[in-house]
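Novice: My file is target_3.tsv. It has TSV, C-alpha atoms and all ligand atoms:
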chain	number	residue	atom	x	y	z
A	1	MET	CA	130.43	106.94	66.87
A	2	THR	CA	128.61	109.78	68.60
A	3	ALA	CA	125.57	109.03	70.68
A	4	THR	CA	122.82	111.60	70.65
A	5	PHE	CA	120.20	111.74	73.35
A	6	LEU	CA	116.87	111.16	71.77
A	7	GLY	CA	114.81	112.52	74.64
A	8	LEU	CA	112.73	110.41	76.96
A	9	SER	CA	112.60	106.67	76.97
A	10	PRO	CA	109.62	105.50	74.89
A	11	ALA	CA	107.66	104.79	78.07
A	12	HIS	CA	104.53	106.30	76.63
A	13	SER	CA	104.72	104.82	73.15
A	14	ALA	CA	101.66	103.05	71.76
A	15	SER	CA	102.82	99.62	72.82
A	16	ALA	CA	103.92	100.83	76.25
A	17	SER	CA	100.39	101.92	76.94
A	18	ARG	CA	98.96	98.55	75.94
A	19	ALA	CA	99.57	97.20	79.44
A	20	GLU	CA	97.86	100.29	80.82
A	21	ALA	CA	94.87	99.96	78.50
A	22	TYR	CA	94.46	96.31	79.47
A	23	ALA	CA	94.87	97.04	83.18
A	24	ARG	CA	92.25	99.81	83.07
A	25	ALA	CA	89.81	97.70	81.06
A	26	HIS	CA	89.83	94.76	83.47
A	27	THR	CA	89.21	94.14	87.15
A	28	PHE	CA	91.46	91.82	89.14
A	29	GLU	CA	90.88	89.76	92.27
A	30	ARG	CA	94.28	90.67	93.64
A	31	PRO	CA	97.23	92.94	92.78
A	32	THR	CA	98.23	92.00	89.25
A	33	LEU	CA	101.14	92.87	87.01
A	34	VAL	CA	100.01	93.30	83.41
A	35	LEU	CA	103.00	92.68	81.19
A	36	ASP	CA	103.29	93.61	77.52
A	37	LEU	CA	105.67	91.14	75.85
A	38	ASP	CA	106.09	93.21	72.70
A	39	ARG	CA	107.34	96.05	74.85
A	40	VAL	CA	110.07	93.78	76.23
A	41	ALA	CA	111.11	92.85	72.69
A	42	GLN	CA	111.09	96.53	71.69
A	43	GLN	CA	113.35	97.38	74.62
A	44	TYR	CA	115.71	94.48	73.83
A	45	LEU	CA	116.07	95.69	70.24
A	46	ALA	CA	116.59	99.30	71.34
A	47	LEU	CA	119.36	98.32	73.75
A	48	GLU	CA	120.93	95.94	71.24
A	49	ALA	CA	121.06	98.71	68.64
A	50	GLY	CA	123.12	100.86	71.01
A	51	LEU	CA	125.28	98.08	72.43
A	52	GLY	CA	126.73	97.13	69.06
A	53	ASN	CA	128.98	94.10	69.44
A	54	ALA	CA	128.22	93.66	73.14
A	55	HIS	CA	126.01	90.62	73.67
A	56	ILE	CA	122.99	91.01	75.95
A	57	HIS	CA	122.74	88.50	78.79
A	58	TYR	CA	119.35	89.39	80.26
A	59	ALA	CA	119.55	89.39	84.09
A	60	ILE	CA	116.57	87.14	84.55
A	61	LYS	CA	116.18	88.03	88.23
A	62	ALA	CA	114.48	91.21	87.02
A	63	ASN	CA	111.53	89.18	85.76
A	64	PRO	CA	111.79	85.47	84.98
A	65	ALA	CA	108.33	85.04	83.40
A	66	PRO	CA	108.68	82.06	81.02
A	67	GLU	CA	107.02	84.06	78.23
A	68	ILE	CA	109.72	86.74	78.52
A	69	LEU	CA	112.50	84.17	78.43
A	70	SER	CA	111.07	82.41	75.33
A	71	ARG	CA	110.65	85.70	73.51
A	72	LEU	CA	114.23	86.67	74.32
A	73	VAL	CA	115.56	83.27	73.21
A	74	ALA	CA	113.85	83.88	69.85
A	75	LEU	CA	115.54	87.29	69.63
A	76	GLY	CA	119.00	85.77	70.27
A	77	SER	CA	119.52	87.02	73.82
A	78	GLY	CA	121.90	85.43	76.29
A	79	PHE	CA	121.04	85.10	79.98
A	80	ASP	CA	122.66	85.96	83.31
A	81	ALA	CA	121.42	83.44	85.89
A	82	ALA	CA	121.78	83.63	89.67
A	83	SER	CA	120.90	80.06	90.69
A	84	ARG	CA	120.15	76.55	89.48
A	85	VAL	CA	116.47	77.40	89.22
A	86	GLU	CA	117.17	80.37	86.97
A	87	ILE	CA	119.45	78.24	84.77
A	88	GLN	CA	116.73	75.64	84.47
A	89	MET	CA	114.21	78.33	83.51
A	90	CYS	CA	116.50	79.50	80.71
A	91	LEU	CA	116.98	75.93	79.46
A	92	ASP	CA	113.22	75.32	79.60
A	93	ALA	CA	112.73	78.42	77.46
A	94	GLY	CA	115.09	76.93	74.87
A	95	ALA	CA	118.31	78.82	75.66
A	96	ALA	CA	121.56	77.14	74.67
A	97	PRO	CA	123.88	76.51	77.66
A	98	SER	CA	126.55	78.50	75.82
A	99	HIS	CA	124.23	81.53	76.07
A	100	ILE	CA	123.91	81.26	79.84
A	101	SER	CA	126.40	82.68	82.34
A	102	PHE	CA	126.27	81.99	86.06
A	103	GLY	CA	126.76	85.52	87.36
A	104	ASN	CA	126.08	85.20	91.07
A	105	THR	CA	129.32	85.41	93.06
A	106	VAL	CA	127.71	83.44	95.91
A	107	LYS	CA	126.76	80.01	94.57
A	108	LYS	CA	125.69	76.73	96.12
A	109	PRO	CA	128.16	73.97	95.25
A	110	SER	CA	125.30	71.77	94.03
A	111	ASP	CA	124.14	74.58	91.74
A	112	ILE	CA	127.65	74.87	90.27
A	113	ALA	CA	127.70	71.11	89.65
A	114	PHE	CA	124.28	71.32	88.00
A	115	ALA	CA	125.38	74.20	85.77
A	116	HIS	CA	128.48	72.26	84.73
A	117	SER	CA	126.46	69.10	84.04
A	118	VAL	CA	124.15	70.93	81.62
A	119	GLY	CA	126.99	72.68	79.79
A	120	VAL	CA	127.12	76.15	81.37
A	121	ASP	CA	130.80	77.13	81.26
A	122	VAL	CA	131.09	80.78	82.37
A	123	PHE	CA	131.08	81.62	86.10
A	124	ALA	CA	131.56	84.77	88.18
A	125	ALA	CA	133.74	84.82	91.31
A	126	ASP	CA	135.07	87.40	93.74
A	127	ALA	CA	136.70	85.20	96.43
A	128	SER	CA	139.14	82.32	96.86
A	129	GLU	CA	136.54	79.98	98.32
A	130	GLU	CA	134.26	80.56	95.37
A	131	LEU	CA	137.09	79.66	92.97
A	132	GLU	CA	137.72	76.47	94.94
A	133	LYS	CA	134.03	75.54	94.66
A	134	ILE	CA	134.03	76.20	90.93
A	135	ALA	CA	137.26	74.22	90.42
A	136	GLN	CA	135.80	71.27	92.30
A	137	HIS	CA	132.36	71.22	90.69
A	138	ALA	CA	133.01	72.72	87.25
A	139	PRO	CA	136.63	71.75	86.50
A	140	GLY	CA	138.29	73.76	83.75
A	141	ALA	CA	135.49	76.37	83.62
A	142	GLN	CA	135.90	79.96	82.45
A	143	VAL	CA	135.76	82.46	85.30
A	144	TYR	CA	135.48	86.20	85.33
A	145	ILE	CA	136.41	88.17	88.43
A	146	ARG	CA	133.88	90.69	89.70
A	147	LEU	CA	135.36	93.98	90.88
A	148	LEU	CA	134.13	96.23	93.64
A	149	VAL	CA	132.62	99.49	92.45
A	150	ASP	CA	133.19	102.12	95.10
A	151	ALA	CA	131.44	105.13	93.59
A	152	SER	CA	127.88	104.95	92.40
A	153	GLY	CA	125.39	107.46	91.12
A	154	ALA	CA	122.70	104.79	90.99
A	155	ASP	CA	119.26	105.05	92.57
A	156	TRP	CA	119.68	101.40	93.67
A	157	PRO	CA	123.43	101.00	94.30
A	158	LEU	CA	124.99	97.53	94.43
A	159	THR	CA	128.25	98.59	96.05
A	160	ARG	CA	129.99	96.83	98.99
A	161	LYS	CA	128.31	93.44	98.89
A	162	PHE	CA	129.83	92.17	95.64
A	163	GLY	CA	133.24	92.29	94.08
A	164	THR	CA	136.86	92.33	95.08
A	165	THR	CA	139.49	95.04	95.23
A	166	ARG	CA	141.76	95.74	92.30
A	167	ASP	CA	144.86	94.19	93.91
A	168	ASN	CA	143.01	91.10	95.02
A	169	ALA	CA	141.62	90.59	91.52
A	170	LEU	CA	145.07	89.74	90.16
A	171	ALA	CA	145.72	87.36	93.04
A	172	LEU	CA	142.38	85.64	92.34
A	173	MET	CA	143.28	85.23	88.65
A	174	ALA	CA	146.54	83.55	89.67
A	175	GLU	CA	144.62	81.29	92.04
A	176	ALA	CA	142.13	80.42	89.32
A	177	ARG	CA	144.95	79.45	87.01
A	178	ALA	CA	146.57	77.33	89.73
A	179	LEU	CA	143.22	75.56	90.15
A	180	ASP	CA	143.16	74.77	86.40
A	181	LEU	CA	140.32	77.21	85.81
A	182	ARG	CA	140.45	79.69	82.93
A	183	PRO	CA	140.49	83.33	84.14
A	184	VAL	CA	139.01	85.01	81.06
A	185	GLY	CA	137.77	88.38	82.17
A	186	LEU	CA	136.37	90.98	84.53
A	187	SER	CA	132.90	92.08	85.52
A	188	PHE	CA	131.34	94.86	87.56
A	189	HIS	CA	127.95	96.45	88.17
A	190	VAL	CA	127.76	100.22	87.99
A	191	GLY	CA	124.64	100.18	90.22
A	192	SER	CA	121.03	99.65	89.26
A	193	GLN	CA	119.09	102.57	87.78
A	194	THR	CA	122.13	104.66	86.86
A	195	ARG	CA	120.26	107.40	85.04
A	196	ASP	CA	123.25	109.32	83.69
A	197	PRO	CA	125.54	107.33	81.35
A	198	MET	CA	128.46	109.61	82.25
A	199	MET	CA	128.42	107.98	85.71
A	200	TRP	CA	130.00	104.99	83.99
A	201	ALA	CA	133.18	106.91	83.15
A	202	PRO	CA	134.93	106.87	86.56
A	203	VAL	CA	133.85	103.26	87.13
A	204	LEU	CA	135.22	102.17	83.76
A	205	ASP	CA	138.48	104.01	84.51
A	206	GLY	CA	138.95	101.81	87.56
A	207	ILE	CA	138.07	98.59	85.73
A	208	ALA	CA	140.38	99.46	82.82
A	209	ALA	CA	143.30	99.92	85.22
A	210	VAL	CA	142.80	96.34	86.47
A	211	TRP	CA	142.31	95.07	82.91
A	212	ASP	CA	145.63	96.60	81.85
A	213	ALA	CA	147.42	95.35	84.96
A	214	ALA	CA	146.11	91.83	84.30
A	215	HIS	CA	147.39	91.90	80.74
A	216	ASP	CA	150.77	93.16	81.95
A	217	ALA	CA	150.82	90.25	84.41
A	218	GLY	CA	150.32	87.78	81.57
A	219	PHE	CA	146.57	87.10	81.78
A	220	ALA	CA	145.13	87.09	78.26
A	221	LEU	CA	141.68	88.40	79.23
A	222	ASP	CA	139.14	88.51	76.42
A	223	LEU	CA	135.81	88.95	78.25
A	224	LEU	CA	134.50	92.20	79.68
A	225	ASN	CA	131.16	91.94	81.44
A	226	ILE	CA	129.73	95.43	81.93
A	227	GLY	CA	126.78	94.20	84.03
A	228	GLY	CA	123.44	96.02	84.32
A	229	GLY	CA	122.53	99.51	85.48
A	230	PHE	CA	120.67	100.64	82.35
A	231	PRO	CA	117.79	102.79	83.60
A	232	ALA	CA	114.02	102.59	83.28
A	233	PHE	CA	111.61	105.50	83.20
A	234	TYR	CA	110.12	106.22	86.64
A	235	GLY	CA	109.31	109.86	86.07
A	236	ASP	CA	112.75	111.49	85.81
A	237	ASP	CA	114.16	112.10	82.34
A	238	ILE	CA	116.44	109.37	81.04
A	239	PRO	CA	118.07	108.99	77.64
A	240	HIS	CA	116.53	106.72	75.04
A	241	PRO	CA	117.92	103.19	75.63
A	242	THR	CA	119.75	103.11	72.30
A	243	ALA	CA	121.46	106.44	72.97
A	244	TYR	CA	122.28	105.44	76.52
A	245	ALA	CA	123.78	102.09	75.50
A	246	ALA	CA	125.73	103.69	72.64
A	247	ARG	CA	127.18	106.28	75.02
A	248	VAL	CA	128.25	103.54	77.44
A	249	MET	CA	129.89	101.59	74.62
A	250	GLU	CA	131.73	104.72	73.50
A	251	LEU	CA	133.14	104.99	77.01
A	252	VAL	CA	134.03	101.28	76.95
A	253	HIS	CA	135.78	101.43	73.57
A	254	ALA	CA	137.73	104.53	74.55
A	255	ARG	CA	139.24	102.63	77.48
A	256	PHE	CA	139.40	99.01	76.36
A	257	GLY	CA	139.72	99.21	72.57
A	258	ASP	CA	138.34	96.18	70.75
A	259	VAL	CA	137.60	93.58	73.39
A	260	PRO	CA	136.76	90.23	71.74
A	261	ARG	CA	133.81	89.51	74.01
A	262	VAL	CA	131.71	92.17	75.74
A	263	MET	CA	128.67	91.11	77.72
A	264	ALA	CA	125.95	93.40	79.08
A	265	GLU	CA	123.44	92.23	81.67
A	266	PRO	CA	120.47	94.61	81.59
A	267	GLY	CA	117.59	93.58	83.83
A	268	ARG	CA	115.50	96.56	84.89
A	269	SER	CA	115.59	98.44	81.61
A	270	MET	CA	114.50	95.36	79.65
A	271	VAL	CA	111.25	94.81	81.52
A	272	ALA	CA	110.27	97.69	83.84
A	273	GLU	CA	108.42	99.77	81.27
A	274	ALA	CA	106.58	96.71	79.94
A	275	GLY	CA	104.55	96.24	83.10
A	276	MET	CA	101.81	98.00	85.01
A	277	ILE	CA	100.38	96.85	88.33
A	278	ALA	CA	96.66	97.06	88.92
A	279	ALA	CA	95.92	97.51	92.63
A	280	GLU	CA	93.18	98.76	94.95
A	281	VAL	CA	92.89	101.42	97.64
A	282	LEU	CA	91.96	99.73	100.95
A	283	LEU	CA	91.76	102.72	103.27
A	284	VAL	CA	92.20	106.49	103.32
A	285	SER	CA	92.60	107.90	106.83
A	286	ARG	CA	93.98	110.72	108.95
A	287	LYS	CA	95.56	110.10	112.34
A	288	SER	CA	93.76	113.19	113.69
A	289	PRO	CA	91.42	115.78	112.19
A	290	ASP	CA	94.27	118.27	111.80
A	291	ASP	CA	96.75	115.74	110.38
A	292	LEU	CA	98.49	117.36	107.41
A	293	HIS	CA	98.87	114.15	105.49
A	294	ARG	CA	96.36	111.47	104.67
A	295	TRP	CA	97.47	107.89	104.95
A	296	VAL	CA	96.52	105.87	101.89
A	297	TYR	CA	96.73	102.10	102.27
A	298	LEU	CA	96.86	99.88	99.19
A	299	ASP	CA	96.35	96.13	98.77
A	300	ILE	CA	100.00	95.90	97.63
A	301	GLY	CA	103.06	96.81	99.68
A	302	LYS	CA	106.71	96.12	100.34
A	303	PHE	CA	106.04	92.43	100.95
A	304	SER	CA	103.80	91.82	97.98
A	305	GLY	CA	105.94	93.14	95.15
A	306	LEU	CA	107.07	96.70	95.90
A	307	ALA	CA	110.28	95.82	97.77
A	308	GLU	CA	112.25	98.41	95.82
A	309	THR	CA	110.44	101.18	97.69
A	310	MET	CA	112.87	100.32	100.51
A	311	ASP	CA	114.49	103.62	101.57
A	312	GLU	CA	112.15	105.15	98.96
A	313	ALA	CA	114.86	104.34	96.42
A	314	ILE	CA	112.66	103.57	93.45
A	315	ARG	CA	109.77	106.01	93.11
A	316	TYR	CA	106.92	104.56	91.14
A	317	GLN	CA	104.27	106.61	89.39
A	318	PHE	CA	100.59	106.18	90.19
A	319	ALA	CA	97.43	106.66	88.19
A	320	THR	CA	93.78	106.69	89.28
A	321	ASP	CA	90.40	107.47	87.74
A	322	ARG	CA	90.44	110.81	89.58
A	323	ASP	CA	93.68	112.25	88.22
A	324	HIS	CA	91.79	115.23	86.76
A	325	GLU	CA	90.67	116.21	90.31
A	326	ALA	CA	92.54	118.24	92.95
A	327	MET	CA	95.59	116.46	94.31
A	328	GLY	CA	97.20	116.46	97.73
A	329	PRO	CA	100.13	114.76	99.47
A	330	CYS	CA	99.73	111.46	101.26
A	331	ILE	CA	101.77	108.81	102.98
A	332	LEU	CA	101.42	105.61	101.03
A	333	ALA	CA	101.46	102.26	102.79
A	334	GLY	CA	100.91	98.57	102.14
A	335	PRO	CA	98.27	96.41	103.78
A	336	SER	CA	100.34	94.16	106.08
A	337	CYS	CA	100.71	94.44	109.86
A	338	ASP	CA	104.42	95.23	109.63
A	339	SER	CA	105.10	98.90	110.32
A	340	ALA	CA	107.98	98.72	107.84
A	341	ASP	CA	105.35	98.28	105.16
A	342	VAL	CA	105.26	101.99	104.32
A	343	LEU	CA	106.08	102.80	100.70
A	344	TYR	CA	106.60	106.57	100.70
A	345	GLU	CA	106.65	108.81	103.76
A	346	LYS	CA	109.83	110.93	103.63
A	347	ARG	CA	108.68	112.24	100.27
A	348	PRO	CA	104.89	111.95	100.24
A	349	VAL	CA	103.04	111.08	97.05
A	350	ALA	CA	100.49	113.33	95.37
A	351	LEU	CA	97.16	111.55	94.96
A	352	PRO	CA	93.62	112.84	94.35
A	353	LEU	CA	92.00	114.33	97.44
A	354	GLY	CA	88.78	112.49	96.62
A	355	LEU	CA	90.40	109.05	96.55
A	356	LYS	CA	88.38	106.46	98.50
A	357	SER	CA	88.55	102.91	99.72
A	358	GLY	CA	87.61	100.41	97.02
A	359	GLU	CA	88.88	102.54	94.15
A	360	ARG	CA	91.40	101.29	91.65
A	361	ILE	CA	94.98	102.51	91.42
A	362	TRP	CA	97.58	101.65	88.82
A	363	ILE	CA	101.33	101.68	89.26
A	364	ARG	CA	103.34	102.40	86.13
A	365	ASN	CA	106.52	100.78	84.85
A	366	CYS	CA	106.58	98.01	87.40
A	367	GLY	CA	107.76	95.11	85.23
A	368	ALA	CA	111.14	94.76	86.98
A	369	TYR	CA	111.90	93.41	90.43
A	370	THR	CA	108.30	93.02	91.53
A	371	THR	CA	106.81	89.56	90.88
A	372	THR	CA	109.61	87.49	92.40
A	373	TYR	CA	110.12	89.90	95.29
A	374	ALA	CA	106.56	89.25	96.49
A	375	SER	CA	106.35	87.10	99.63
A	376	ILE	CA	104.29	83.95	99.35
A	377	GLY	CA	101.56	85.09	101.70
A	378	PHE	CA	102.57	87.41	104.54
A	379	ASN	CA	99.38	88.12	106.55
A	380	GLY	CA	97.54	85.96	104.04
A	381	PHE	CA	97.93	88.56	101.31
A	382	PRO	CA	98.58	86.69	98.07
A	383	PRO	CA	101.70	87.28	95.98
A	384	LEU	CA	101.49	89.48	92.92
A	385	ASP	CA	99.64	87.84	90.03
A	386	VAL	CA	100.86	88.21	86.44
A	387	VAL	CA	98.89	88.57	83.22
A	388	ILE	CA	100.72	88.61	79.90
A	389	VAL	CA	99.28	90.64	77.04
A	401	LIG	C1	125.16	90.28	88.35
A	401	LIG	C2	124.04	91.17	87.94
A	401	LIG	N1	123.92	91.51	86.64
A	401	LIG	C3	122.92	92.29	86.21
A	401	LIG	C4	121.97	92.77	87.08
A	401	LIG	C5	120.85	93.60	86.52
A	401	LIG	O1	120.96	94.91	86.86
A	401	LIG	P1	119.93	96.01	86.34
A	401	LIG	O2	118.59	95.55	86.69
A	401	LIG	O3	120.35	97.24	87.00
A	401	LIG	O4	120.09	96.10	84.86
A	401	LIG	C6	122.07	92.50	88.44
A	401	LIG	C7	121.11	93.06	89.39
A	401	LIG	O5	121.12	92.85	90.57
A	401	LIG	C8	123.13	91.66	88.88
A	401	LIG	O6	123.24	91.32	90.17
Write the structure described by the file as structure tokens, please.

Specialist:
Amino acid sequence: MTATFLGLSPAHSASASRAEAYARAHTFERPTLVLDLDRVAQQYLALEAGLGNAHIHYAIKANPAPEILSRLVALGSGFDAASRVEIQMCLDAGAAPSHISFGNTVKKPSDIAFAHSVGVDVFAADASEELEKIAQHAPGAQVYIRLLVDASGADWPLTRKFGTTRDNALALMAEARALDLRPVGLSFHVGSQTRDPMMWAPVLDGIAAVWDAAHDAGFALDLLNIGGGFPAFYGDDIPHPTAYAARVMELVHARFGDVPRVMAEPGRSMVAEAGMIAAEVLLVSRKSPDDLHRWVYLDIGKFSGLAETMDEAIRYQFATDRDHEAMGPCILAGPSCDSADVLYEKRPVALPLGLKSGERIWIRNCGAYTTTYASIGFNGFPPLDVVIV
């Protein structure tokens, strides 16, 4: 199978722009994410086409809107849940417990017991204590060991915090077995927003070495969880999702052969391009008459949905009614009193020079990691609202 790159992600296809058309045609009391459900389904099908026999477990942390979960249940998706609440949301949407995996490596014991009681049987772990918790509260469960990924080309890397070293992975499998758990596989996360599929190659090399060592040590692993990392379109070219997923699976097959169960956990790429945030300009100012950069303050910031602008990692695209006018650089900030609430300063954003307080601004491809990141009311600013179209 040879994957060809089909150009840009279909971020500007007819249905992608439906959220934009709706957002532009309406006014909103507060910052609002307009989400196009058909676009989520389109993205699911595009990824599925490339993933082949790998089963999608949507990482619901990216956007747990009940409407998204129900639509994905209807399409046959599985789900990667991080907590009891997320498991309950999947069940409420009609997901079978056998389609839900508990992928957080840091779980509350009561959440493990809940998962076990409703029939969830697949758990992630990367430490001895976690295995002990699982053995106590979900006896006999299947566990996969999450591995550390040390190199990442991702815009939003997930290195260091999660996973165990290669040597320790084998020791954890032996411990799992001694605790009467079933060590069935390995997982990893290549890093969120990994735009180039070839970045997966060195990571997969490392995982395959552990996979082979585990088999040599007598562990009959049959589950490979390749995690998330599939990119969304934020302005830089990315492959079409089908081509991207097919390329990743080529790399997987070349190293692992025919693994009985392969799971993929896309989050961002499933929902980002389905959403557009409608927001408002609150103030345009200069610190002094000769200040090179304007400061533009919006009614949405780091604490009301745009947390992924931390370190300017994820760079959103903006649209206004004045985009045909002359543009100039500005520092973009949120409305709250916290001076950390600056979205882009190191690399200023180009916005129309005529932009004024009270005007509308739209933020493209914001369907992932926004709604649930919003604080409940810092400074009295309400959390991000959601409208489904
Ligand atoms: C265990 C796990 N799987 C999948 C994902 C989804 O990753 P992405 O949004 O990059 O697809 C995450 C994101 O944090 C995760 O922690």

Novice: Taking all atoms listed in the file into account, name the residue in A:Arg24, A:Lys287, A:Lys107, A:Arg294 that is nearest to A:Pro329.

Specialist: A:Arg294

Novice: Neighbours of ligand LIG 401 (chain A) at 10 Å or closer, counting all atoms listed in the file: which residues, as a VMD selection string?

Specialist: chain A and resid 57 to 63 79 to 82 101 to 105 124 146 154 to 158 162 187 to 194 225 to 232 264 to 272 368 to 369

Novice: With distances taken over only C-alpha atoms, which of A:Lys108, A:His55, A:His99, A:Lys356 is nearest to A:Glu129?

Specialist: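 Result for the nearest residue to A:Glu129: A:Lys108.
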
Novice: Quick check, in Å to one decimal: how far apart do atom CA of A:Ala96 and atom CA of A:Val118 lie?

Specialist: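 Distance between the two atoms: 9.7 Å.
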
Novice: Counting only C-alpha atoms, select every polymer residue within 6 Å of (103.6, 98.1, 78.3) as defined in the file's coordinates, and provide the selection as JSON, numbers by chain.

Specialist: {"A": [15, 16, 17, 18, 19, 36, 39, 273, 274, 275]}

Novice: Take the selection from the previous step and output its residues with C-alpha atoms, as an mmCIF file, in the frame of the given file.

Specialist:
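This is the output file result12.cif:
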data_model
loop_
_atom_site.group_PDB
_atom_site.id
_atom_site.type_symbol
_atom_site.label_atom_id
_atom_site.label_comp_id
_atom_site.auth_asym_id
_atom_site.auth_seq_id
_atom_site.Cartn_x
_atom_site.Cartn_y
_atom_site.Cartn_z
ATOM 1 C CA SER A 15 102.820 99.620 72.820
ATOM 2 C CA ALA A 16 103.920 100.830 76.250
ATOM 3 C CA SER A 17 100.390 101.920 76.940
ATOM 4 C CA ARG A 18 98.960 98.550 75.940
ATOM 5 C CA ALA A 19 99.570 97.200 79.440
ATOM 6 C CA ASP A 36 103.290 93.610 77.520
ATOM 7 C CA ARG A 39 107.340 96.050 74.850
ATOM 8 C CA GLU A 273 108.420 99.770 81.270
ATOM 9 C CA ALA A 274 106.580 96.710 79.940
ATOM 10 C CA GLY A 275 104.550 96.240 83.100
#

Novice: Just how far from atom CA of A:Arg322 is atom CA of A:Gly354, in Å to one decimal?

Specialist: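 Between these atoms lies a distance of 7.4 Å.
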
Novice: Write out as a list in words which residues come within 9 Å of A:Gln88 when counting only C-alpha atoms, dropping same-chain ones fewer than 5 positions away.

Specialist: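 Once the nearby chain positions are removed, what remains is Ser83, Ala93 and Ala115 of chain A.
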